[in-house]
Amino acid sequence: MPKRVLVIVAHADDMEFMAGGAIAKMADLDYQIRELIATNNERGTLDPDWSREFTADARREEARAGAKVLGVNPDVEFLGYEDGRLSETPLNELRERCMRAIRRHRPDVLLTWDPHAPYEDHQDHRAVARAATEAAMFSHFPLYHPEHREAGFAPHYVGERYFFAKSPRDANKTVDITDYIGRKIDALCAHRCQMEMTVADLKLQLAASGLDIPFLADADPKDFRPVIEAQIKAWAASVGRRAGFEYGEQFRRVRFDGIERWARRAGSALPDDF
Ligand SMILES: [Zn+2]
């Protein structure tokens, strides 16, 4: 059955990197998918000639383009917080913004960064993970931000949560994205200035390391696709291999707050797996 999905992330390309294949697969199942991006992405460049305003504008357009490739509603919502400083936003404020979005879009499924995964160095990822997760935990409690109801947004329960992480610790769900790896790469490549930056950054690392990797040394950041494709395919192949798929994406999934276990014990049919 088609579901409503809300993706809450910190930056314009988080969704594409971490869940682009799964999202494209959901879109093909007619899921209605919305994306909420907490920051303006205005520090996402290595080019000293780019202003923060110019970068934010470029990244906003790229977010819409990436969403469109995946089949996400291109009317992406931006909360407008400063890039790289999301952790300075009071948690209660960010949690309220996330809860309001959940009550407005009424998703069956939430995707966000995992607040419990280790080795997450980006303060924005940690901040949005915590706020979105806690918002989803209590969005069906009417006395949490009762002003939302007055604004027409009733309490809403989010049944399924998919958490992604760069170093997942408790992943329990691998999605087969073999048929969607091309769309994931296309969606990432719609983030032109971010992918140029990614390749330029890899080249900086290479130069600093003194290692000899001709493929990277010869790569032109303007012609980023071969590098992005190689990077994404290698990552998705290593994740997929462990689950018997050519390419995969990994999540920590929480469904129905544990009553899934009750259903198993009772012999009740479980909902369709994704
Ligand atoms: Zn990010």
# chains A, B, ... in the order shown; residues from 1 in each chain; ligands from 1

$ closest_atom_pairs --of "chain A" --to "ligand 1" --cutoff "6 Å" --atoms "only C-alpha atoms and all ligand atoms" --output "CSV"
residue,atom,partner,partner_atom_place_in_ligand_line,distance
A:Ala10,CA,ligand 1,1 (Zn),5.5
A:His11,CA,ligand 1,1 (Zn),4.5
A:Asp14,CA,ligand 1,1 (Zn),4.8

$ residues_around --residues "Glu134 (chain A)" --least-positions-apart "6" --cutoff "10 Å" --atoms "only C-alpha atoms" --output "PyMOL selection string"
chain A and resi 91-92+95-96+98-99+115+128

$ write_last_selection --atoms "C-alpha atoms" --output "compact mmCIF listing (two decimals), in the first residue's frame"
# COMPACT_ATOMS: atom_id res chain seq x y z
CA LEU A 91 16.96 21.44 20.86
CA ASN A 92 13.42 22.30 21.87
CA ARG A 95 12.29 19.51 17.80
CA GLU A 96 9.19 21.71 17.61
CA CYS A 98 10.28 18.80 13.18
CA MET A 99 7.14 17.89 15.14
CA PRO A 115 21.01 9.76 16.82
CA VAL A 128 18.91 16.99 13.31

$ residues_around --residues "Arg253 (chain A)" --least-positions-apart "4" --cutoff "10 Å" --atoms "only C-alpha atoms" --output "short mmCIF file (atom, residue, chain, number, x, y, z; two decimals) with C-alpha atoms, in the first residue's frame"
data_model
loop_
_atom_site.label_atom_id
_atom_site.label_comp_id
_atom_site.auth_asym_id
_atom_site.auth_seq_id
_atom_site.Cartn_x
_atom_site.Cartn_y
_atom_site.Cartn_z
CA LEU A 110 10.21 8.84 8.74
CA LEU A 111 13.79 8.73 7.50
CA ASP A 114 20.56 7.95 13.50
CA GLU A 160 8.03 3.31 10.94
CA ARG A 161 11.38 5.00 11.33
CA TYR A 162 14.42 4.34 9.16
CA PHE A 163 17.68 5.69 10.57
CA PHE A 164 20.82 6.02 8.47
CA ASP A 170 22.69 -1.44 14.88
CA ALA A 171 21.54 -1.72 11.27
CA ASN A 172 18.80 -4.36 10.98
CA LYS A 173 17.51 -3.68 7.50
CA THR A 174 19.27 -3.74 4.14
#

$ atom_distance --atom1 "CA of Ala56 (chain A)" --atom2 "CA of Asp75 (chain A)"
16.2 Å

$ select_by_dssp --residues "region 12-206 of chain A" --states "helix (DSSP H, G or I)" --output "ChimeraX atom specification"
/A:14-28,52-70,86-88,91-105,123-138,147-150,178-189,192-206

$ write_last_selection --atoms "C-alpha atoms" --output "compact mmCIF listing (two decimals), in the first residue's frame"
# COMPACT_ATOMS: atom_id res chain seq x y z
CA ASP A 14 22.10 13.91 2.82
CA MET A 15 19.04 12.07 1.50
CA GLU A 16 20.66 11.20 -1.83
CA PHE A 17 23.89 9.95 -0.24
CA MET A 18 22.40 7.97 2.59
CA ALA A 19 19.09 6.70 1.17
CA GLY A 20 18.84 7.66 -2.51
CA GLY A 21 18.28 4.08 -3.66
CA ALA A 22 15.65 3.28 -1.05
CA ILE A 23 13.86 6.54 -1.71
CA ALA A 24 13.78 5.92 -5.48
CA LYS A 25 12.38 2.45 -4.76
CA MET A 26 9.68 3.92 -2.51
CA ALA A 27 8.79 6.47 -5.19
CA ASP A 28 8.32 3.64 -7.70
CA ARG A 52 27.40 32.17 1.48
CA GLU A 53 24.30 33.58 -0.26
CA PHE A 54 25.43 32.31 -3.67
CA THR A 55 26.19 28.87 -2.21
CA ALA A 56 22.84 28.68 -0.41
CA ASP A 57 20.95 29.56 -3.62
CA ALA A 58 22.88 26.99 -5.66
CA ARG A 59 22.34 24.29 -3.04
CA ARG A 60 18.61 25.00 -2.82
CA GLU A 61 18.25 24.48 -6.58
CA GLU A 62 20.32 21.31 -6.42
CA ALA A 63 18.18 19.94 -3.59
CA ARG A 64 15.09 20.36 -5.74
CA ALA A 65 16.81 18.78 -8.74
CA GLY A 66 18.01 15.78 -6.70
CA ALA A 67 14.56 15.27 -5.20
CA LYS A 68 13.01 15.32 -8.65
CA VAL A 69 15.35 12.60 -9.95
CA LEU A 70 14.40 10.32 -7.04
CA LEU A 86 22.66 23.59 13.78
CA SER A 87 23.83 22.26 17.13
CA GLU A 88 23.68 25.84 18.45
CA LEU A 91 16.96 21.44 20.86
CA ASN A 92 13.42 22.30 21.87
CA GLU A 93 13.11 24.76 18.99
CA LEU A 94 14.40 22.34 16.36
CA ARG A 95 12.29 19.51 17.80
CA GLU A 96 9.19 21.71 17.61
CA ARG A 97 9.90 22.50 13.93
CA CYS A 98 10.28 18.80 13.18
CA MET A 99 7.14 17.89 15.14
CA ARG A 100 5.15 20.54 13.30
CA ALA A 101 6.35 19.11 9.96
CA ILE A 102 5.40 15.58 11.05
CA ARG A 103 1.93 16.72 12.07
CA ARG A 104 1.49 18.64 8.84
CA HIS A 105 2.71 15.91 6.43
CA GLN A 123 27.38 18.54 14.40
CA ASP A 124 24.46 19.28 12.04
CA HIS A 125 23.79 15.57 11.51
CA ARG A 126 23.85 14.92 15.25
CA ALA A 127 21.53 17.85 15.93
CA VAL A 128 18.91 16.99 13.31
CA ALA A 129 19.03 13.29 14.24
CA ARG A 130 18.18 14.01 17.83
CA ALA A 131 15.49 16.60 17.11
CA ALA A 132 13.70 14.57 14.42
CA THR A 133 13.83 11.33 16.40
CA GLU A 134 12.49 12.91 19.55
CA ALA A 135 9.81 14.76 17.57
CA ALA A 136 8.60 11.48 16.04
CA MET A 137 8.56 9.85 19.46
CA PHE A 138 6.01 12.29 20.84
CA GLU A 147 -0.53 25.08 19.70
CA HIS A 148 -0.07 22.89 16.61
CA ARG A 149 -3.64 21.63 16.97
CA GLU A 150 -4.91 25.18 17.05
CA THR A 178 20.44 -2.99 -7.30
CA ASP A 179 17.82 -1.62 -9.71
CA TYR A 180 18.15 1.89 -8.29
CA ILE A 181 21.89 2.48 -8.10
CA GLY A 182 21.81 4.45 -11.37
CA ARG A 183 19.06 6.74 -10.07
CA LYS A 184 20.93 7.27 -6.83
CA ILE A 185 24.05 8.33 -8.75
CA ASP A 186 21.99 10.54 -11.10
CA ALA A 187 20.37 12.23 -8.10
CA LEU A 188 23.73 12.85 -6.46
CA CYS A 189 25.12 14.23 -9.70
CA ARG A 192 26.72 19.72 -9.11
CA CYS A 193 28.60 22.08 -6.84
CA GLN A 194 28.53 19.59 -3.97
CA MET A 195 29.91 16.79 -6.14
CA GLU A 196 32.63 19.09 -7.51
CA MET A 197 33.49 19.83 -3.91
CA THR A 198 33.52 16.13 -3.02
CA VAL A 199 36.03 15.36 -5.78
CA ALA A 200 38.13 18.42 -4.96
CA ASP A 201 38.14 17.32 -1.31
CA LEU A 202 39.27 13.80 -2.23
CA LYS A 203 42.08 15.31 -4.27
CA LEU A 204 43.13 17.44 -1.30
CA GLN A 205 43.22 14.32 0.85
CA LEU A 206 45.23 12.51 -1.80

$ residues_around --residues "Gly248 (chain A)" --least-positions-apart "6" --cutoff "6 Å" --atoms "only C-alpha atoms" --output "list in words"
Val175, Asp176, Ile177, Ala236, Val239 and Gly240 of chain A

$ closest_residue --among "A:Pro221, A:Ala230, A:Ala38, A:Thr45" --to "Thr89 (chain A)" --atoms "only C-alpha atoms"
A:Ala38

$ closest_residue --among "A:Pro74, A:Gly159, A:Pro48, A:Pro271" --to "His140 (chain A)" --atoms "only C-alpha atoms"
A:Gly159

$ decode --residues "region 14-25 of chain A" --atoms "C-alpha atoms" --output "PDB file, in the first residue's frame"
ATOM      1  CA  ASP A  14      22.103  13.905   2.819  1.00  0.00           C
ATOM      2  CA  MET A  15      19.038  12.066   1.502  1.00  0.00           C
ATOM      3  CA  GLU A  16      20.665  11.202  -1.831  1.00  0.00           C
ATOM      4  CA  PHE A  17      23.895   9.953  -0.244  1.00  0.00           C
ATOM      5  CA  MET A  18      22.399   7.968   2.585  1.00  0.00           C
ATOM      6  CA  ALA A  19      19.092   6.698   1.173  1.00  0.00           C
ATOM      7  CA  GLY A  20      18.842   7.665  -2.514  1.00  0.00           C
ATOM      8  CA  GLY A  21      18.284   4.077  -3.659  1.00  0.00           C
ATOM      9  CA  ALA A  22      15.647   3.276  -1.045  1.00  0.00           C
ATOM     10  CA  ILE A  23      13.860   6.544  -1.710  1.00  0.00           C
ATOM     11  CA  ALA A  24      13.778   5.922  -5.479  1.00  0.00           C
ATOM     12  CA  LYS A  25      12.379   2.454  -4.758  1.00  0.00           C
TER      13      LYS A  25
END
